[in-house]
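Raw input19.csv, CSV, C-alpha atoms:
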chain,number,residue,atom,x,y,z
I,1,GLY,CA,48.7,-45.8,-7.3
I,2,GLU,CA,50.7,-48.4,-9.1
I,3,ASP,CA,53.3,-47.2,-11.5
I,4,VAL,CA,56.6,-48.5,-12.8
I,5,GLU,CA,59.0,-46.3,-14.7
I,6,GLN,CA,62.0,-46.9,-16.8
I,7,SER,CA,64.2,-44.9,-19.1
I,8,LEU,CA,63.4,-45.6,-22.7
I,9,PHE,CA,66.8,-46.2,-24.2
I,10,LEU,CA,70.4,-47.2,-23.3
I,11,SER,CA,73.4,-47.6,-25.7
I,12,VAL,CA,76.6,-49.2,-24.6
I,13,ARG,CA,79.8,-50.5,-26.2
I,14,GLU,CA,80.3,-54.3,-26.4
I,15,GLY,CA,82.3,-55.5,-23.4
I,16,ASP,CA,81.2,-52.6,-21.2
I,17,SER,CA,78.7,-53.0,-18.3
I,18,SER,CA,75.0,-51.9,-18.8
I,19,VAL,CA,72.9,-50.6,-16.0
I,20,ILE,CA,69.1,-50.4,-16.5
I,21,ASN,CA,67.1,-48.6,-13.9
I,22,CYS,CA,63.6,-48.9,-12.7
I,23,THR,CA,61.5,-47.1,-10.1
I,24,TYR,CA,58.2,-48.3,-8.7
I,25,THR,CA,55.6,-46.7,-6.4
I,26,ASP,CA,53.9,-49.6,-4.5
I,27,SER,CA,55.8,-50.4,-1.3
I,28,SER,CA,53.8,-53.6,-0.8
I,29,SER,CA,55.5,-55.2,-3.8
I,30,THR,CA,56.6,-58.7,-2.9
I,31,TYR,CA,58.6,-59.7,-6.1
I,32,LEU,CA,60.4,-57.6,-8.6
I,33,TYR,CA,61.2,-59.0,-12.0
I,34,TRP,CA,63.4,-58.4,-15.0
I,35,TYR,CA,62.2,-59.7,-18.4
I,36,LYS,CA,63.9,-59.5,-21.7
I,37,GLN,CA,62.1,-59.2,-25.0
I,38,GLU,CA,63.9,-59.8,-28.3
I,39,PRO,CA,62.3,-58.3,-31.5
I,40,GLY,CA,59.0,-60.0,-32.4
I,41,ALA,CA,59.1,-62.4,-29.5
I,42,GLY,CA,57.5,-62.9,-26.1
I,43,LEU,CA,59.0,-62.0,-22.8
I,44,GLN,CA,61.7,-64.1,-21.2
I,45,LEU,CA,62.3,-64.0,-17.5
I,46,LEU,CA,65.9,-63.1,-16.7
I,47,THR,CA,65.8,-62.9,-12.9
I,48,TYR,CA,63.7,-61.8,-10.0
I,49,ILE,CA,64.3,-60.7,-6.5
I,50,PHE,CA,62.2,-60.9,-3.4
I,51,SER,CA,61.4,-57.6,-1.7
I,52,ASN,CA,63.3,-58.7,1.5
I,53,MET,CA,66.6,-58.9,-0.5
I,54,ASP,CA,69.0,-56.2,-1.4
I,55,MET,CA,71.0,-57.9,-4.1
I,56,LYS,CA,70.9,-60.9,-6.3
I,57,GLN,CA,73.7,-62.1,-8.6
I,58,ASP,CA,73.2,-64.6,-11.4
I,59,GLN,CA,76.3,-65.0,-13.7
I,60,ARG,CA,76.6,-61.7,-15.6
I,61,LEU,CA,73.4,-60.3,-14.1
I,62,THR,CA,73.3,-58.3,-10.8
I,63,VAL,CA,70.0,-57.0,-9.4
I,64,LEU,CA,70.1,-54.3,-6.8
I,65,LEU,CA,67.1,-53.3,-4.8
I,66,ASN,CA,66.8,-50.1,-2.8
I,67,LYS,CA,63.5,-50.4,-0.9
I,68,LYS,CA,63.8,-47.0,0.7
I,69,ASP,CA,63.9,-45.2,-2.7
I,70,LYS,CA,61.8,-47.9,-4.5
I,71,HIS,CA,64.6,-48.3,-7.0
I,72,LEU,CA,65.6,-51.4,-8.9
I,73,SER,CA,68.5,-51.9,-11.2
I,74,LEU,CA,69.8,-54.6,-13.5
I,75,ARG,CA,73.5,-54.6,-14.2
I,76,ILE,CA,74.7,-56.7,-17.2
I,77,ALA,CA,78.5,-57.3,-17.0
I,78,ASP,CA,80.5,-57.7,-20.2
I,79,THR,CA,77.5,-56.8,-22.4
I,80,GLN,CA,77.4,-58.7,-25.7
I,81,THR,CA,75.6,-57.8,-29.0
I,82,GLY,CA,73.1,-60.7,-28.1
I,83,ASP,CA,72.0,-58.7,-25.1
I,84,SER,CA,70.4,-56.1,-27.4
I,85,ALA,CA,66.7,-56.2,-26.6
I,86,ILE,CA,64.0,-54.5,-24.6
I,87,TYR,CA,64.2,-55.0,-20.9
I,88,PHE,CA,61.1,-54.7,-18.7
I,89,CYS,CA,60.9,-54.5,-15.0
I,90,ALA,CA,57.7,-55.6,-13.3
I,91,GLU,CA,56.4,-55.7,-9.8
I,92,GLY,CA,54.2,-58.3,-8.3
I,93,MET,CA,52.4,-58.8,-5.0
I,94,ASP,CA,51.2,-61.9,-3.1
I,95,SER,CA,47.9,-60.2,-2.6
I,96,SER,CA,47.3,-59.5,-6.3
I,97,TYR,CA,46.8,-61.5,-9.4
I,98,LYS,CA,48.7,-59.2,-11.8
I,99,LEU,CA,52.2,-57.9,-12.6
I,100,ILE,CA,52.7,-54.2,-13.2
I,101,PHE,CA,55.1,-53.6,-16.0
I,102,GLY,CA,57.3,-50.7,-16.9
I,103,SER,CA,57.3,-49.4,-20.4
I,104,GLY,CA,60.6,-51.1,-21.2
I,105,THR,CA,64.2,-50.0,-21.8
I,106,ARG,CA,65.7,-50.6,-25.2
I,107,LEU,CA,69.3,-51.7,-24.9
I,108,LEU,CA,71.5,-51.2,-27.9
I,109,VAL,CA,75.0,-52.8,-27.8
I,110,ARG,CA,77.5,-51.3,-30.3
I,111,PRO,CA,80.3,-53.4,-31.6
N,1,ASP,CA,58.9,-79.9,-24.1
N,2,GLY,CA,56.8,-77.9,-21.7
N,3,GLY,CA,55.8,-74.5,-22.8
N,4,ILE,CA,53.2,-72.0,-23.9
N,5,THR,CA,52.3,-71.5,-27.6
N,6,GLN,CA,50.4,-68.9,-29.4
N,7,SER,CA,49.0,-69.0,-32.9
N,8,PRO,CA,49.1,-67.5,-35.4
N,9,LYS,CA,52.2,-65.5,-35.2
N,10,TYR,CA,50.8,-62.8,-37.6
N,11,LEU,CA,47.1,-62.1,-38.1
N,12,PHE,CA,45.4,-59.7,-40.4
N,13,ARG,CA,41.8,-58.6,-40.0
N,14,LYS,CA,39.4,-56.4,-41.8
N,15,GLU,CA,37.6,-53.8,-39.8
N,16,GLY,CA,34.3,-55.1,-38.4
N,17,GLN,CA,35.5,-58.7,-38.1
N,18,ASN,CA,35.9,-60.7,-35.0
N,19,VAL,CA,39.1,-62.7,-34.7
N,20,THR,CA,40.3,-65.3,-32.1
N,21,LEU,CA,43.9,-65.7,-30.9
N,22,SER,CA,44.9,-69.1,-29.6
N,23,CYS,CA,47.0,-69.7,-26.4
N,24,GLU,CA,47.9,-73.2,-25.2
N,25,GLN,CA,50.1,-74.3,-22.4
N,26,ASN,CA,51.2,-77.8,-21.2
N,27,LEU,CA,52.8,-76.6,-18.0
N,28,ASN,CA,49.8,-77.6,-15.9
N,29,HIS,CA,49.3,-74.0,-14.7
N,30,ASP,CA,46.0,-72.9,-13.3
N,31,ALA,CA,46.4,-69.2,-14.0
N,32,MET,CA,46.6,-67.7,-17.5
N,33,TYR,CA,46.8,-64.1,-18.7
N,34,TRP,CA,46.3,-62.0,-21.9
N,35,TYR,CA,48.3,-58.8,-22.3
N,36,ARG,CA,48.4,-56.2,-25.0
N,37,GLN,CA,51.6,-54.5,-26.0
N,38,ASP,CA,51.8,-51.3,-28.0
N,39,PRO,CA,55.0,-49.7,-29.3
N,40,GLY,CA,57.0,-47.9,-26.6
N,41,GLN,CA,54.6,-49.1,-23.9
N,42,GLY,CA,54.6,-51.7,-21.3
N,43,LEU,CA,52.2,-54.6,-21.1
N,44,ARG,CA,48.6,-54.0,-20.3
N,45,LEU,CA,46.4,-56.7,-18.8
N,46,ILE,CA,43.3,-57.6,-20.9
N,47,TYR,CA,41.9,-60.6,-19.1
N,48,TYR,CA,43.1,-63.3,-16.7
N,49,SER,CA,41.8,-66.6,-15.5
N,50,GLN,CA,42.9,-68.2,-12.2
N,51,ILE,CA,41.1,-71.5,-12.8
N,52,VAL,CA,39.1,-73.4,-15.4
N,53,ASN,CA,35.6,-71.9,-16.1
N,54,ASP,CA,36.5,-68.7,-14.4
N,55,PHE,CA,38.0,-65.5,-15.8
N,56,GLN,CA,38.2,-61.8,-14.8
N,57,LYS,CA,38.5,-58.5,-16.6
N,58,GLY,CA,41.9,-56.8,-16.5
N,59,ASP,CA,42.6,-53.1,-17.1
N,60,ILE,CA,41.6,-52.9,-20.7
N,61,ALA,CA,38.9,-55.6,-21.3
N,62,GLU,CA,36.6,-53.5,-23.4
N,63,GLY,CA,36.2,-55.0,-26.9
N,64,TYR,CA,37.7,-58.4,-25.9
N,65,SER,CA,36.3,-61.7,-24.7
N,66,VAL,CA,37.8,-64.9,-23.5
N,67,SER,CA,36.8,-68.4,-22.5
N,68,ARG,CA,38.5,-71.0,-20.3
N,69,GLU,CA,36.8,-74.3,-20.9
N,70,LYS,CA,40.1,-76.3,-20.5
N,71,LYS,CA,43.0,-75.8,-18.3
N,72,GLU,CA,45.4,-75.9,-21.2
N,73,SER,CA,43.6,-73.3,-23.4
N,74,PHE,CA,42.7,-69.6,-23.0
N,75,PRO,CA,41.6,-68.1,-26.3
N,76,LEU,CA,41.1,-64.4,-26.8
N,77,THR,CA,38.6,-63.0,-29.2
N,78,VAL,CA,39.1,-59.5,-30.4
N,79,THR,CA,35.7,-58.2,-31.3
N,80,SER,CA,34.6,-55.4,-33.7
N,81,ALA,CA,33.9,-53.3,-30.7
N,82,GLN,CA,37.6,-52.9,-30.0
N,83,LYS,CA,38.4,-49.5,-31.5
N,84,ASN,CA,42.1,-49.9,-31.9
N,85,PRO,CA,43.0,-53.6,-32.1
N,86,THR,CA,46.3,-53.4,-34.0
N,87,ALA,CA,48.9,-54.5,-31.4
N,88,PHE,CA,51.1,-57.3,-30.2
N,89,TYR,CA,49.2,-59.8,-28.0
N,90,LEU,CA,51.0,-61.8,-25.4
N,91,CYS,CA,49.6,-64.8,-23.5
N,92,ALA,CA,51.2,-65.9,-20.2
N,93,SER,CA,50.7,-68.7,-17.6
N,94,GLU,CA,51.7,-68.6,-14.0
N,95,GLY,CA,53.9,-71.0,-12.2
N,96,VAL,CA,55.5,-70.5,-8.8
N,97,ASP,CA,56.7,-66.9,-8.5
N,98,GLU,CA,56.9,-66.5,-12.3
N,99,GLN,CA,54.8,-65.8,-15.4
N,100,PHE,CA,55.8,-67.7,-18.5
N,101,PHE,CA,55.1,-65.9,-21.8
N,102,GLY,CA,54.2,-67.2,-25.2
N,103,PRO,CA,55.9,-65.9,-28.4
N,104,GLY,CA,53.1,-63.5,-29.1
N,105,THR,CA,50.6,-62.8,-32.0
N,106,ARG,CA,50.9,-59.6,-34.0
N,107,LEU,CA,47.4,-58.5,-35.0
N,108,THR,CA,47.0,-55.9,-37.8
N,109,VAL,CA,43.7,-54.4,-38.8
N,110,LEU,CA,43.5,-53.4,-42.4
Turn this file's structure into structure tokens for me.
Amino acid sequence: GEDVEQSLFLSVREGDSSVINCTYTDSSSTYLYWYKQEPGAGLQLLTYIFSNMDMKQDQRLTVLLNKKDKHLSLRIADTQTGDSAIYFCAEGMDSSYKLIFGSGTRLLVRP
Amino acid sequence: DGGITQSPKYLFRKEGQNVTLSCEQNLNHDAMYWYRQDPGQGLRLIYYSQIVNDFQKGDIAEGYSVSREKKESFPLTVTSAQKNPTAFYLCASEGVDEQFFGPGTRLTVL
């Protein structure tokens, strides 16, 4: 069945790197997404990666995909207090209408 | 500016009342979605519409209804049949490879 799992909480010091992990079960996923949600707001797409890629870098963000282990990670370099939010990973498929979301990881950045 | 809007931001309802949440987009997207978010949980799909005058149930459609009379609009009605309606509701529309989300409506049943 379809399932996306994330750890619930991560705390880092300002300036350090953050790594948020996600595992998924559906090997037919075509796209894997990272969304950011600030308190009381909607979701903002941060980045996404096609399933035929291993890595994608976009400024401070690095996404790594291990298809064999069905593991996705988001690394945020030089984490800032403004990065404090909930981060959701999601998987999508060409053959399906919907995204499957994880339960979200709350990132807390300590000054 | 192009985007997706939801109103109101906060909504209070008495038990037994129906209430309608608004979602509008000017992105010219065909597909639109409604999700429900509960604390500590991911998003769950309520309804989706891939084209005007057509919509399909998602994973948790019971107690909800939608309409799609215009491309720009996809309102969600939370009916009195929904047993636990207090939640944060998110609307999204779909472009190429990406879903764009509105700011959400927080519904509280008193």
Under the rule that all atoms listed in the file are counted, which of I:Ala77, I:Ile86, I:Met55, I:Leu64 is the nearest residue to Gly40 in chain I?
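Ranking I:Ala77, I:Ile86, I:Met55, I:Leu64 by distance to Gly40 in chain I, first place goes to I:Ile86.
CA of Lys98 in chain I to CA of Lys83 in chain N spans 24.3 Å [interatomic distance, one decimal].
If you count only C-alpha atoms and draw a sphere of 6 Å around (61.2, -59.9, -6.2), the protein and nucleic acid residues inside it come out as Thr30, Tyr31, Leu32, Tyr33, Tyr48, Ile49, Phe50 and Ser51 of chain I.
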Interatomic distance between CA of Glu91 in chain I and CA of Leu108 in chain I?
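Computing the Euclidean distance for CA of Glu91 in chain I and CA of Leu108 in chain I yields 24.0 Å.
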Enter the distance from CA of Lys36 in chain I to CA of Arg106 in chain I, in Å, rounded to one decimal.
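According to the coordinates, CA of Lys36 in chain I and CA of Arg106 in chain I are separated by 9.7 Å.
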Counting all atoms listed in the file, find residues at most 12 Å from (56.9, -64.4, -14.3) (file frame) and give them as a ChimeraX atom specification.
/I:31-36,42-49,88-93,97-101 /N:31-33,91-102
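Shortest separation to chain I among N:Thr86, N:Thr105, N:Ser7, N:Ser80 occurs at residue N:Thr105, atoms counted being only C-alpha atoms.
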Please check the contacts: residues of chain N at most 7 Å away from chain I, using all atoms listed in the file, listed as number ranges by chain.
N: 40-43, 90, 101-104
Nearest to Arg68 in chain N: which of N:Gln6, N:Asn53, N:Ser22, N:Thr108 is it, counting all atoms listed in the file?
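The closest residue to Arg68 in chain N is N:Asn53.
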Show me, as a VMD selection string, the residues that have an atom within 7 Å of Asp16 in chain I when counting all atoms listed in the file, minus same-chain residues fewer than 3 positions from it.
chain I and resid 12 to 13 77 to 79
Which residues are close to Leu21 in chain N, i.e. within 7 Å by only C-alpha atoms, leaving aside same-chain residues fewer than 3 positions away? Reply as a PyMOL selection string.
chain N and resi 7+75-77
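Residue nearest Tyr47 in chain N within the list N:Val78, N:Asn18, N:Lys70, N:Thr5: N:Val78 [criterion: smallest interatomic distance, only C-alpha atoms].
With all atoms listed in the file as the basis for measurement, N:Tyr64 is the residue among N:Phe88, N:Tyr48, N:Tyr64, N:Phe55 that approaches Thr20 in chain N most closely.
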Any idea what's packed within 7 Å of Val63 in chain I, counting only C-alpha atoms, ignoring anything in its chain fewer than 6 positions away? Could you give it as a PyMOL selection string?
chain I and resi 55-57+73-75
One residue among N:Ile60, N:Cys23, N:Val109, N:Ala87 is nearest to Pro39 in chain N when using only C-alpha atoms, and that residue is N:Ala87
